[in-house]
Structure formats: C-alpha cells, structure tokens
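Here is entry-v8.cif, consisting of mmCIF, C-alpha atoms:
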data_upload
loop_
_atom_site.group_PDB
_atom_site.id
_atom_site.type_symbol
_atom_site.label_atom_id
_atom_site.label_comp_id
_atom_site.auth_asym_id
_atom_site.auth_seq_id
_atom_site.Cartn_x
_atom_site.Cartn_y
_atom_site.Cartn_z
ATOM 1 C CA MET A 1 0.000 0.000 0.000
ATOM 2 C CA ASP A 2 2.804 2.366 0.936
ATOM 3 C CA GLU A 3 4.691 1.550 -2.262
ATOM 4 C CA ARG A 4 1.631 2.256 -4.388
ATOM 5 C CA ALA A 5 1.084 5.534 -2.543
ATOM 6 C CA LYS A 6 4.659 6.531 -3.330
ATOM 7 C CA LEU A 7 4.216 5.766 -7.018
ATOM 8 C CA ARG A 8 0.854 7.507 -7.305
ATOM 9 C CA PRO A 9 1.148 10.564 -9.608
ATOM 10 C CA LEU A 10 0.530 14.014 -8.194
ATOM 11 C CA LYS A 11 -2.645 15.894 -8.968
ATOM 12 C CA PRO A 12 -2.294 18.563 -11.704
ATOM 13 C CA LEU A 13 -2.029 21.612 -9.424
ATOM 14 C CA PRO A 14 0.458 20.131 -6.905
ATOM 15 C CA ASN A 15 2.421 18.721 -9.845
ATOM 16 C CA LEU A 16 2.563 22.182 -11.484
ATOM 17 C CA ILE A 17 3.698 23.779 -8.236
ATOM 18 C CA PHE A 18 6.319 21.077 -7.695
ATOM 19 C CA MET A 19 7.586 21.345 -11.282
ATOM 20 C CA SER A 20 7.979 25.114 -10.857
ATOM 21 C CA ARG A 21 11.270 24.376 -9.065
ATOM 22 C CA TRP A 22 12.817 23.946 -12.526
ATOM 23 C CA LEU A 23 12.378 27.693 -13.046
ATOM 24 C CA GLN A 24 15.512 28.026 -10.923
ATOM 25 C CA LEU A 25 17.576 26.149 -13.500
ATOM 26 C CA PRO A 26 18.278 29.242 -15.695
ATOM 27 C CA LEU A 27 19.434 31.046 -12.543
ATOM 28 C CA TYR A 28 22.018 28.362 -11.785
ATOM 29 C CA LEU A 29 23.110 28.314 -15.433
ATOM 30 C CA GLY A 30 23.550 32.089 -15.186
ATOM 31 C CA LEU A 31 25.776 31.621 -12.131
ATOM 32 C CA ILE A 32 27.872 29.155 -14.149
ATOM 33 C CA LEU A 33 28.367 31.899 -16.765
ATOM 34 C CA ALA A 34 29.339 34.291 -13.956
ATOM 35 C CA GLN A 35 31.873 31.681 -12.854
ATOM 36 C CA CYS A 36 33.342 31.715 -16.367
ATOM 37 C CA VAL A 37 33.711 35.507 -16.159
ATOM 38 C CA TYR A 38 35.578 35.157 -12.848
ATOM 39 C CA VAL A 39 37.910 32.544 -14.363
ATOM 40 C CA TYR A 40 38.670 34.922 -17.245
ATOM 41 C CA HIS A 41 39.230 37.841 -14.851
ATOM 42 C CA PHE A 42 41.569 35.706 -12.712
ATOM 43 C CA TRP A 43 43.761 34.801 -15.670
ATOM 44 C CA VAL A 44 43.842 38.375 -16.977
ATOM 45 C CA GLU A 45 45.095 39.625 -13.589
ATOM 46 C CA LEU A 46 47.586 36.753 -13.305
ATOM 47 C CA VAL A 47 48.992 37.506 -16.775
ATOM 48 C CA HIS A 48 49.362 41.177 -15.815
ATOM 49 C CA LEU A 49 51.291 40.138 -12.700
ATOM 50 C CA ILE A 50 53.656 37.910 -14.682
ATOM 51 C CA GLU A 51 54.185 40.577 -17.365
ATOM 52 C CA ALA A 52 54.853 43.246 -14.709
ATOM 53 C CA ALA A 53 57.389 40.937 -13.044
ATOM 54 C CA PHE A 54 59.268 40.899 -16.363
ATOM 55 C CA GLY A 55 59.248 44.703 -16.568
ATOM 56 C CA SER A 56 56.123 45.553 -18.577
ATOM 57 C CA ARG A 57 55.083 49.123 -17.723
ATOM 58 C CA ALA A 58 51.638 48.689 -19.317
ATOM 59 C CA ALA A 59 50.943 45.634 -17.158
ATOM 60 C CA LEU A 60 52.114 47.525 -14.061
ATOM 61 C CA ASP A 61 49.708 50.375 -14.879
ATOM 62 C CA GLN A 62 46.869 47.852 -15.188
ATOM 63 C CA ILE A 63 47.762 46.358 -11.781
ATOM 64 C CA ILE A 64 47.961 49.784 -10.132
ATOM 65 C CA ALA A 65 44.583 50.702 -11.580
ATOM 66 C CA SER A 66 43.026 47.462 -10.316
ATOM 67 C CA VAL A 67 44.429 47.563 -6.755
ATOM 68 C CA GLY A 68 43.673 51.267 -6.335
ATOM 69 C CA PHE A 69 46.159 53.995 -5.497
ATOM 70 C CA GLY A 70 45.686 57.638 -4.608
ATOM 71 C CA SER A 71 47.419 60.415 -6.490
ATOM 72 C CA ALA A 72 49.742 59.752 -9.392
ATOM 73 C CA ALA A 73 52.708 60.852 -7.244
ATOM 74 C CA GLU A 74 52.094 57.966 -4.843
ATOM 75 C CA ARG A 75 51.963 55.321 -7.553
ATOM 76 C CA PRO A 76 54.940 52.927 -7.637
ATOM 77 C CA THR A 77 57.150 52.962 -10.706
ATOM 78 C CA HIS A 78 57.998 49.282 -10.355
ATOM 79 C CA LEU A 79 56.440 46.120 -8.957
ATOM 80 C CA THR A 80 56.675 46.362 -5.163
ATOM 81 C CA GLU A 81 55.942 43.809 -2.460
ATOM 82 C CA THR A 82 52.828 45.749 -1.432
ATOM 83 C CA THR A 83 51.548 45.837 -5.010
ATOM 84 C CA ILE A 84 52.141 42.096 -5.407
ATOM 85 C CA MET A 85 50.399 41.414 -2.095
ATOM 86 C CA LEU A 86 47.377 43.508 -3.057
ATOM 87 C CA LEU A 87 47.044 41.776 -6.417
ATOM 88 C CA VAL A 88 47.491 38.300 -4.920
ATOM 89 C CA LEU A 89 44.836 39.102 -2.318
ATOM 90 C CA GLY A 90 42.607 40.120 -5.216
ATOM 91 C CA LEU A 91 43.245 36.749 -6.853
ATOM 92 C CA ILE A 92 42.440 34.968 -3.575
ATOM 93 C CA ASP A 93 39.276 37.046 -3.399
ATOM 94 C CA VAL A 94 38.277 35.808 -6.867
ATOM 95 C CA VAL A 95 38.926 32.199 -5.821
ATOM 96 C CA MET A 96 36.830 32.567 -2.667
ATOM 97 C CA ILE A 97 33.956 34.129 -4.590
ATOM 98 C CA SER A 98 34.264 31.292 -7.097
ATOM 99 C CA ASN A 99 34.039 28.797 -4.213
ATOM 100 C CA LEU A 100 30.946 30.625 -3.009
ATOM 101 C CA LEU A 101 29.414 30.327 -6.477
ATOM 102 C CA ILE A 102 30.112 26.575 -6.517
ATOM 103 C CA MET A 103 28.431 26.159 -3.139
ATOM 104 C CA VAL A 104 25.372 28.070 -4.324
ATOM 105 C CA ILE A 105 25.180 26.287 -7.693
ATOM 106 C CA VAL A 106 25.790 22.717 -6.502
ATOM 107 C CA GLY A 107 24.212 22.984 -3.052
ATOM 108 C CA GLY A 108 21.251 25.027 -4.238
ATOM 109 C CA TYR A 109 20.508 22.731 -7.163
ATOM 110 C CA GLU A 110 20.804 19.644 -4.952
ATOM 111 C CA THR A 111 18.600 21.168 -2.237
ATOM 112 C CA PHE A 112 15.933 23.015 -4.206
ATOM 113 C CA VAL A 113 15.792 21.532 -7.722
ATOM 114 C CA SER A 114 16.851 17.914 -8.153
ATOM 115 C CA ARG A 115 19.148 15.259 -6.743
ATOM 116 C CA MET A 116 22.442 14.802 -8.572
ATOM 117 C CA ASN A 117 22.979 11.206 -7.347
ATOM 118 C CA LEU A 118 26.670 11.764 -6.635
ATOM 119 C CA GLU A 119 26.870 9.316 -3.711
ATOM 120 C CA ASN A 120 29.282 6.955 -5.487
ATOM 121 C CA HIS A 121 31.194 9.627 -7.397
ATOM 122 C CA PRO A 122 34.847 9.902 -6.252
ATOM 123 C CA ASP A 123 34.772 13.706 -6.583
ATOM 124 C CA GLN A 124 31.598 14.284 -4.582
ATOM 125 C CA PRO A 125 32.177 17.272 -2.237
ATOM 126 C CA GLU A 126 32.330 16.155 1.400
ATOM 127 C CA TRP A 127 29.850 18.829 2.501
ATOM 128 C CA LEU A 128 27.274 17.841 -0.117
ATOM 129 C CA SER A 129 26.462 14.554 1.629
ATOM 130 C CA HIS A 130 24.739 16.380 4.502
ATOM 131 C CA VAL A 131 23.685 19.631 2.858
ATOM 132 C CA ASN A 132 20.268 21.162 3.458
ATOM 133 C CA ALA A 133 18.864 24.688 3.462
ATOM 134 C CA SER A 134 20.128 25.434 6.996
ATOM 135 C CA VAL A 135 23.618 24.027 6.407
ATOM 136 C CA LEU A 136 23.828 25.918 3.116
ATOM 137 C CA LYS A 137 22.940 29.206 4.838
ATOM 138 C CA VAL A 138 25.661 28.735 7.464
ATOM 139 C CA LYS A 139 28.276 27.794 4.849
ATOM 140 C CA LEU A 140 27.360 30.803 2.696
ATOM 141 C CA ALA A 141 27.554 33.105 5.716
ATOM 142 C CA THR A 142 31.029 31.860 6.640
ATOM 143 C CA ALA A 143 32.161 32.145 3.025
ATOM 144 C CA ILE A 144 30.958 35.766 2.915
ATOM 145 C CA ILE A 145 32.943 36.473 6.102
ATOM 146 C CA GLY A 146 36.070 35.074 4.420
ATOM 147 C CA ILE A 147 35.515 37.265 1.364
ATOM 148 C CA SER A 148 34.890 40.308 3.566
ATOM 149 C CA SER A 149 38.093 39.550 5.504
ATOM 150 C CA ILE A 150 40.115 39.593 2.279
ATOM 151 C CA HIS A 151 38.575 42.938 1.268
ATOM 152 C CA LEU A 152 39.290 44.388 4.704
ATOM 153 C CA LEU A 153 42.888 43.172 4.637
ATOM 154 C CA LYS A 154 43.388 44.724 1.197
ATOM 155 C CA THR A 155 41.998 48.008 2.510
ATOM 156 C CA PHE A 156 44.262 48.015 5.580
ATOM 157 C CA ILE A 157 47.366 47.216 3.511
ATOM 158 C CA ASN A 158 46.511 50.129 1.213
ATOM 159 C CA ALA A 159 45.074 52.267 4.042
ATOM 160 C CA GLU A 160 46.892 55.478 3.062
ATOM 161 C CA ASN A 161 44.727 55.659 -0.056
ATOM 162 C CA TYR A 162 41.450 55.437 1.858
ATOM 163 C CA SER A 163 39.719 57.899 4.163
ATOM 164 C CA GLU A 164 39.062 57.105 7.816
ATOM 165 C CA LYS A 165 35.357 57.019 7.023
ATOM 166 C CA VAL A 166 35.858 54.240 4.445
ATOM 167 C CA LEU A 167 38.059 52.252 6.847
ATOM 168 C CA LEU A 168 35.500 52.604 9.634
ATOM 169 C CA TRP A 169 32.553 51.588 7.468
ATOM 170 C CA GLN A 170 34.359 48.566 6.013
ATOM 171 C CA THR A 171 35.252 47.422 9.547
ATOM 172 C CA LEU A 172 31.671 47.883 10.760
ATOM 173 C CA ILE A 173 30.289 46.013 7.747
ATOM 174 C CA HIS A 174 32.707 43.144 8.380
ATOM 175 C CA VAL A 175 31.680 42.978 12.058
ATOM 176 C CA THR A 176 28.029 42.985 10.942
ATOM 177 C CA PHE A 177 28.697 40.018 8.638
ATOM 178 C CA LEU A 178 30.413 38.218 11.519
ATOM 179 C CA LEU A 179 27.539 38.826 13.942
ATOM 180 C CA SER A 180 25.015 37.778 11.280
ATOM 181 C CA ALA A 181 26.863 34.496 10.693
ATOM 182 C CA LEU A 182 26.965 33.818 14.437
ATOM 183 C CA ALA A 183 23.226 34.538 14.663
ATOM 184 C CA ILE A 184 22.472 32.196 11.737
ATOM 185 C CA ALA A 185 24.623 29.427 13.246
ATOM 186 C CA ALA A 186 23.001 29.875 16.683
ATOM 187 C CA THR A 187 19.510 29.818 15.168
ATOM 188 C CA ASP A 188 20.336 26.675 13.203
ATOM 189 C CA ARG A 189 21.668 25.031 16.374
ATOM 190 C CA LEU A 190 18.521 25.921 18.315
ATOM 191 C CA MET A 191 16.282 24.595 15.531
ATOM 192 C CA ALA A 192 18.257 21.338 15.379
ATOM 193 C CA HIS A 193 18.091 20.882 19.169
ATOM 194 C CA PRO A 194 14.897 22.664 20.319
ATOM 195 C CA LYS A 195 14.672 21.017 23.751
ATOM 196 C CA ARG A 196 16.823 18.945 26.039
ATOM 197 C CA GLY A 197 15.570 15.990 27.940
ATOM 198 C CA GLY A 198 12.923 15.159 25.348
ATOM 199 C CA VAL A 199 12.169 11.803 23.788
ATOM 200 C CA HIS A 200 15.094 10.547 21.690
#
Would you put the structure from the file into structure tokens?
Amino acid sequence: MDERAKLRPLKPLPNLIFMSRWLQLPLYLGLILAQCVYVYHFWVELVHLIEAAFGSRAALDQIIASVGFGSAAERPTHLTETTIMLLVLGLIDVVMISNLLIMVIVGGYETFVSRMNLENHPDQPEWLSHVNASVLKVKLATAIIGISSIHLLKTFINAENYSEKVLLWQTLIHVTFLLSALAIAATDRLMAHPKRGGVH
C-alpha cells in the first residue's frame, strides 16, 4: 500500500507547483556563466602580474589601476611587495567568490531543484552529503565572512589611499557580517536541538 502511494502521480495543481522548481535552473546556469567571467578575470590579472614581473610598464599600470592607489605621485614605478600582495589578495578574493558560487550552484541545485545522485562519485564534495537549506545558509555566511576579511585586509594594507570614514565603514560592515553568521549558526543550532531531555 505504501509503495503504491509513493508511485501515485501528483494531482495537476500540486504537480505544477512542484515542477515550478525547474524555473531556478536558468538562474544556476547564469551563475555558471558568472563563474566563467571570474575565471577569465583571474587569468587576466595573473597575466598582468607575470608581465609586470618581467618589466612591462603597461601591465604595471593595469595592476595599479586594479588595486587602487591615490594620487599619481604615490603610484609605484615598479612592482613592489605591497603591489604584489594587493594583487594576490585580489586573486584569492576571486577564488573565494568562485568557491561561493560553486556552493550556491551545486548545493542550491541539490537542495531546491533535483538530486544529482553523486553518492558513489569519487569527486563528490564532502559537505554535499549532509547539505540542506540550513547548512547551506551557514556555509554561505562563513564564506561571505572570508571574502569580507580579504577585502578588509586589502583596505588596511593600502590604508593610506582610503579615508578614515571608508576604513570605519568597512570594519563595521565586516563585524556585521560576523555577527550575522553567528546569529544564523546559533539559530540553526537551536532549531536542530529545540529542547533537552525530550524523547530521543
């Protein structure tokens, strides 16, 4: 009886509502295209770094423009350790955002659209085996904190080119992200364990 109930087709309206989850598919495909743009941007910046290391002035100007410097008088005339660090942090930032995109694409599709049946695949992500909406929210929140940390570190390294107001606001925004992630994690913990001493 239970098996037949499982195989029984849905009524038209519930079936339509359930099938509407596939409307999210173009959104995930769009995020894959965004991932391609990030890959291209990463390699463009990496090529500029390599060319600047070999003395290309044009590549150095591109790097300086991307990392952000103040007046023209403050701009370095050669590749410095600070400039390299700022660009490398930018590359790390791209990688972390790319990781965030993967979590949203794979985890979101698995949770909200359709199962991927990756249980026996050797490359199945470890976190995907126990992912759900709550776990995904916590992982996204922690990933955003990591990205914000990279941005804040870049700002502090290049602090002389930013106003105190910008530094203060970036710090406050980062603290807000941190508190939000802690609140999400605490809420998820409370929802997973609502009461102690109950029936197990």
Q | Polymer residues at most 12 Å from region 112-128 of chain A, all atoms listed in the file, same-chain spacing of 6 or more positions, as a ChimeraX atom specification | A | /A:18-28,99,102-106,135-136,138-139
Produce a file of the selected residues containing C-alpha atoms, as a CSV table (one decimal), in the frame of the given file.
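Just written: selection-v9.csv:
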chain,number,residue,atom,x,y,z
A,18,PHE,CA,6.3,21.1,-7.7
A,19,MET,CA,7.6,21.3,-11.3
A,20,SER,CA,8.0,25.1,-10.9
A,21,ARG,CA,11.3,24.4,-9.1
A,22,TRP,CA,12.8,23.9,-12.5
A,23,LEU,CA,12.4,27.7,-13.0
A,24,GLN,CA,15.5,28.0,-10.9
A,25,LEU,CA,17.6,26.1,-13.5
A,26,PRO,CA,18.3,29.2,-15.7
A,27,LEU,CA,19.4,31.0,-12.5
A,28,TYR,CA,22.0,28.4,-11.8
A,99,ASN,CA,34.0,28.8,-4.2
A,102,ILE,CA,30.1,26.6,-6.5
A,103,MET,CA,28.4,26.2,-3.1
A,104,VAL,CA,25.4,28.1,-4.3
A,105,ILE,CA,25.2,26.3,-7.7
A,106,VAL,CA,25.8,22.7,-6.5
A,135,VAL,CA,23.6,24.0,6.4
A,136,LEU,CA,23.8,25.9,3.1
A,138,VAL,CA,25.7,28.7,7.5
A,139,LYS,CA,28.3,27.8,4.8
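For the pair CA of Ile63 (chain A) and CA of Ala34 (chain A), the interatomic distance is 22.1 Å.
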Thr82 (chain A): which residues within 10 Å, counting all atoms listed in the file, same-chain residues fewer than 3 positions away excluded, as a tab-separated table (two decimals) with C-alpha atoms, in the frame of the given file?
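Result file follows (part-v1.tsv):
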chain	number	residue	atom	x	y	z
A	76	PRO	CA	54.94	52.93	-7.64
A	79	LEU	CA	56.44	46.12	-8.96
A	85	MET	CA	50.40	41.41	-2.10
A	86	LEU	CA	47.38	43.51	-3.06
A	87	LEU	CA	47.04	41.78	-6.42
A	88	VAL	CA	47.49	38.30	-4.92
A	154	LYS	CA	43.39	44.72	1.20
A	157	ILE	CA	47.37	47.22	3.51
A	158	ASN	CA	46.51	50.13	1.21
Residues matched by the PyMOL selection byres ((chain A and resi 174) around 10), written as a short mmCIF file (atom, residue, chain, number, x, y, z; two decimals) with C-alpha atoms, in the coordinates of the input:
data_model
loop_
_atom_site.label_atom_id
_atom_site.label_comp_id
_atom_site.auth_asym_id
_atom_site.auth_seq_id
_atom_site.Cartn_x
_atom_site.Cartn_y
_atom_site.Cartn_z
CA ILE A 144 30.96 35.77 2.92
CA ILE A 145 32.94 36.47 6.10
CA GLY A 146 36.07 35.07 4.42
CA ILE A 147 35.52 37.26 1.36
CA SER A 148 34.89 40.31 3.57
CA SER A 149 38.09 39.55 5.50
CA HIS A 151 38.58 42.94 1.27
CA LEU A 152 39.29 44.39 4.70
CA LEU A 168 35.50 52.60 9.63
CA TRP A 169 32.55 51.59 7.47
CA GLN A 170 34.36 48.57 6.01
CA THR A 171 35.25 47.42 9.55
CA LEU A 172 31.67 47.88 10.76
CA ILE A 173 30.29 46.01 7.75
CA VAL A 175 31.68 42.98 12.06
CA THR A 176 28.03 42.98 10.94
CA PHE A 177 28.70 40.02 8.64
CA LEU A 178 30.41 38.22 11.52
CA LEU A 179 27.54 38.83 13.94
CA SER A 180 25.02 37.78 11.28
#
Q. Which distance in Å separates CA of Gln62 (chain A) and CA of Thr80 (chain A), to one decimal?
A.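 Going from CA of Gln62 (chain A) over to CA of Thr80 (chain A) covers 14.1 Å.
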